[in-house]
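Colleague: Mind having a look at this structure? Questions to follow.
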Amino acid sequence: MFEELSLHILDIAMNSLTAKARTVQIMVAEYARLDQLTIRIQDDGRGMDTATLERVLAAPVSTKRHRKKAIGLGLALLRQTAEMCGGKFRIHSTPRMGTTVTASMKLSHVDRPPLGDLNATILALCAANPAVDVQLHYLGDTEHFHFSSKELAEKKSVSRPERFWSGEETTNYEPGRTQKIEREGAAAGCLA
Amino acid sequence: MNLEELKKLKEKAQRQVALREGSKKYRVVVSMGTSGIAAGAREVMKTMLDEIEKRGLEDVEVRVTGEVGLEDVEPVVRVEEAGGEKTTYARLDAEKARKIVAEHLEKGKKVDNLAVGKEKKSE
């Protein structure tokens with residue numbers, strides 16, 4: 001069991017790198033007034049089909065064929081943490097399109113692990129594969145923070161992601177924000 | 001979560017980005033699968049990055065890999081030399097990680113008491 005949520009994030013995001021993602025977006029939304037903490041890791045890696053997805057959640061899974069025993073416990077551990085802390089775990093994956101893992105928790109839940117050293121997690125991911133754009137979007141009650149390793153390398157200012165939030169799940173986070181996000185999502189859809 | 005801490009991330013990451021370019025004499029590969037992370041691989045890696053930066057070692061790059069099949073002796077780090085020699089260090093912590101940077105990566109002396117297995121030459 002991981003003692004910090006940032007270790008969960010590192011673990012799940014490592015899956016994204018293994019899945020040959022070019023962009024890994026990590027969102028941490030910490031809203032005290034909703035008593036909610038949500039973590040989302042979204043990648044554009046190779047994704048999984050439904051059969052694989054079911055397998056991933058049912059039993060330890062490894063993507064390595066030569067491995068005799070599969071270790072893959074990362075998703076199961078995160079699900080356990082989320083459900084233990086009064087939250088939900090969700091995973092959505094499309095082959096060749098990518099995977100999105102969402103875990104929510106009650107912020108005030110007594111068993112909720114601390115976020116921990118999020119910086120160390122991001123640095124490890126940045127060092128893990130320089131070609132991958134590692135993004136962190138931290139949303140709090142009053143403050144936001146955005147980071148992108150690619151934009152850093154190109155020395156550009158960090159801008160808001162275009163298609164990070166998608167679908168109806170956004171309504172969970174912040175009503176005021178949702179509309180704008182959906183517009184952005186729609187705009188990105190039109191362009192694509 | 002402290003936003004001030006997060007803001008330091010940008011400067012720190014900038015320096016790490018600078019470490020990436022070009023081919024290096026040493027490549028350090030940290031095992032960062034689930035078991036590695038649970039055993040403290042992230043702290044080992046962070047310590048090594050800090051120490052490499054502190055000592056100004058330019059001929060070293062740090063990478064990460066998934067499970068390496070050594071779950072019982074994590075955290076595991078492999079040091080690969082440009083000549084093909086590979087050394088695997090196991091059961092590490094921050095202090096041991098600093099030692100590897102100081103001895104192996106700076107002076108070129110392997111830390112035998114932390115290494116596991118036979119040294120391998122890549123084909």
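The way I read the labels, and the way they are meant: chains A, B, ... in the order of the structure tokens, residue 1 as the first residue of every chain, and ligand 1 as the first ligand shown, with later ones counted on from there.
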Residues near stretch 108-113 of chain B, anyone? I mean within 10 Å using only C-alpha atoms, not counting same-chain ones fewer than 2 positions away, as a ChimeraX atom specification.

Modeller: /B:26,79,81,87-90,96,99-106,115-116

Colleague: Please tabulate, as JSON lines, the residues of chain B that come within 8 Å of chain A, each with its closest pair of atoms and the distance in Å to one decimal, counting only C-alpha atoms and ordering rows by chain, then residue number upward.

Modeller:
```
{"residue": "B:Met1", "atom": "CA", "partner": "A:Leu115", "partner_atom": "CA", "distance": 6.7}
{"residue": "B:Leu3", "atom": "CA", "partner": "A:Phe145", "partner_atom": "CA", "distance": 7.5}
{"residue": "B:Glu5", "atom": "CA", "partner": "A:Asn119", "partner_atom": "CA", "distance": 7.6}
{"residue": "B:Leu6", "atom": "CA", "partner": "A:Asn119", "partner_atom": "CA", "distance": 6.3}
{"residue": "B:Lys7", "atom": "CA", "partner": "A:Phe145", "partner_atom": "CA", "distance": 7.9}
{"residue": "B:Leu9", "atom": "CA", "partner": "A:Asn119", "partner_atom": "CA", "distance": 5.8}
{"residue": "B:Lys10", "atom": "CA", "partner": "A:Phe147", "partner_atom": "CA", "distance": 7.3}
{"residue": "B:Lys12", "atom": "CA", "partner": "A:Leu123", "partner_atom": "CA", "distance": 7.9}
{"residue": "B:Ala13", "atom": "CA", "partner": "A:Leu123", "partner_atom": "CA", "distance": 6.2}
{"residue": "B:Gln14", "atom": "CA", "partner": "A:Leu152", "partner_atom": "CA", "distance": 6.7}
{"residue": "B:Gln16", "atom": "CA", "partner": "A:Ala127", "partner_atom": "CA", "distance": 7.0}
{"residue": "B:Val17", "atom": "CA", "partner": "A:Ala153", "partner_atom": "CA", "distance": 6.8}
{"residue": "B:Arg20", "atom": "CA", "partner": "A:Pro130", "partner_atom": "CA", "distance": 7.1}
{"residue": "B:Met32", "atom": "CA", "partner": "A:Met14", "partner_atom": "CA", "distance": 7.5}
{"residue": "B:Gly33", "atom": "CA", "partner": "A:Asp11", "partner_atom": "CA", "distance": 6.6}
{"residue": "B:Thr34", "atom": "CA", "partner": "A:Asp11", "partner_atom": "CA", "distance": 5.8}
{"residue": "B:Ile37", "atom": "CA", "partner": "A:Leu7", "partner_atom": "CA", "distance": 6.7}
{"residue": "B:Ala38", "atom": "CA", "partner": "A:Phe2", "partner_atom": "CA", "distance": 5.8}
{"residue": "B:Arg42", "atom": "CA", "partner": "A:Ala124", "partner_atom": "CA", "distance": 6.8}
{"residue": "B:Glu43", "atom": "CA", "partner": "A:Ala120", "partner_atom": "CA", "distance": 7.6}
{"residue": "B:Met45", "atom": "CA", "partner": "A:Ala124", "partner_atom": "CA", "distance": 7.1}
{"residue": "B:Lys46", "atom": "CA", "partner": "A:Ala120", "partner_atom": "CA", "distance": 6.5}
{"residue": "B:Val62", "atom": "CA", "partner": "A:Ala127", "partner_atom": "CA", "distance": 6.4}
{"residue": "B:Arg63", "atom": "CA", "partner": "A:Ala128", "partner_atom": "CA", "distance": 4.8}
{"residue": "B:Val64", "atom": "CA", "partner": "A:Ala128", "partner_atom": "CA", "distance": 4.5}
{"residue": "B:Thr65", "atom": "CA", "partner": "A:Ala128", "partner_atom": "CA", "distance": 7.3}
{"residue": "B:Gly66", "atom": "CA", "partner": "A:Met14", "partner_atom": "CA", "distance": 7.3}
```

Colleague: So which bits of stretch 68-118 of chain A end up strand (DSSP E) when you DSSP the backbone, as a ChimeraX atom specification?

Modeller: /A:89-94,98-106

Colleague: Would you pick out the contacts of B:Met48 at 8 Å or less, using only C-alpha atoms, so that residues sharing its chain but fewer than 6 positions from it are not included, and give the list as a list in words?

Modeller: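 The filter keeps Ala94, Ala97, Arg98 and Val101 of chain B.
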
Colleague: Could you write out that same residue set with N, CA and C atoms as a PDB file, in the first residue's frame?

Modeller:
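Result file follows (part24.pdb):
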```pdb
ATOM      1  N   ALA B  94      18.144   6.486   0.392  1.00  0.00           N
ATOM      2  CA  ALA B  94      18.725   7.759  -0.021  1.00  0.00           C
ATOM      3  C   ALA B  94      20.229   7.796   0.222  1.00  0.00           C
ATOM      4  N   ALA B  97      22.060   5.686  -2.203  1.00  0.00           N
ATOM      5  CA  ALA B  97      21.994   6.309  -3.520  1.00  0.00           C
ATOM      6  C   ALA B  97      23.055   7.405  -3.650  1.00  0.00           C
ATOM      7  N   ARG B  98      23.210   8.177  -2.594  1.00  0.00           N
ATOM      8  CA  ARG B  98      24.242   9.229  -2.605  1.00  0.00           C
ATOM      9  C   ARG B  98      25.626   8.624  -2.766  1.00  0.00           C
ATOM     10  N   VAL B 101      26.323   7.675  -6.340  1.00  0.00           N
ATOM     11  CA  VAL B 101      26.651   8.846  -7.146  1.00  0.00           C
ATOM     12  C   VAL B 101      28.091   9.274  -6.881  1.00  0.00           C
TER      13      VAL B 101
END
```

Colleague: Interatomic distance between atom CA of B:Leu49 and atom CA of A:Gly45?

Modeller: 26.9 Å

Colleague: Here is a test: counting only C-alpha atoms, which residue of B:Glu61, B:Glu95, B:Asp72, B:Glu85 is nearest to B:Val29?

Modeller: B:Glu61

Colleague: Could you state the separation of atom CA of A:Ser104 and atom CA of A:Gln135 in Å, given to one decimal place?

Modeller: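 According to the coordinates, atom CA of A:Ser104 and atom CA of A:Gln135 are separated by 19.2 Å.
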
Colleague: Within 8 Å of A:Lys88, counting only C-alpha atoms, which residues show up once you throw out same-chain ones fewer than 4 positions away? Write them as a list in words, please.

Modeller: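 The residues satisfying every condition are Arg79, Ala82, Glu83, Thr102, Ala103, Ser104 and Met105 of chain A.
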
Colleague: Would you mind exporting N, CA and C atoms of the selected residues as a PDB file, in the first residue's frame?

Modeller:
```
ATOM      1  N   ARG A  79      -7.778   1.732  -6.700  1.00  0.00           N
ATOM      2  CA  ARG A  79      -9.210   1.540  -6.501  1.00  0.00           C
ATOM      3  C   ARG A  79      -9.514   1.288  -5.028  1.00  0.00           C
ATOM      4  N   ALA A  82      -9.299   4.551  -3.134  1.00  0.00           N
ATOM      5  CA  ALA A  82     -10.436   5.431  -3.407  1.00  0.00           C
ATOM      6  C   ALA A  82     -11.692   4.941  -2.691  1.00  0.00           C
ATOM      7  N   GLU A  83     -11.954   3.652  -2.809  1.00  0.00           N
ATOM      8  CA  GLU A  83     -13.195   3.120  -2.230  1.00  0.00           C
ATOM      9  C   GLU A  83     -13.158   3.107  -0.709  1.00  0.00           C
ATOM     10  N   THR A 102      -9.626   7.766 -13.135  1.00  0.00           N
ATOM     11  CA  THR A 102     -10.100   8.784 -12.210  1.00  0.00           C
ATOM     12  C   THR A 102     -10.358   8.144 -10.853  1.00  0.00           C
ATOM     13  N   ALA A 103      -9.873   8.776  -9.825  1.00  0.00           N
ATOM     14  CA  ALA A 103     -10.132   8.294  -8.469  1.00  0.00           C
ATOM     15  C   ALA A 103     -10.541   9.484  -7.623  1.00  0.00           C
ATOM     16  N   SER A 104     -11.655   9.337  -6.925  1.00  0.00           N
ATOM     17  CA  SER A 104     -12.078  10.420  -6.044  1.00  0.00           C
ATOM     18  C   SER A 104     -12.061   9.930  -4.607  1.00  0.00           C
ATOM     19  N   MET A 105     -11.989  10.862  -3.711  1.00  0.00           N
ATOM     20  CA  MET A 105     -11.960  10.538  -2.287  1.00  0.00           C
ATOM     21  C   MET A 105     -12.634  11.650  -1.511  1.00  0.00           C
TER      22      MET A 105
END
```
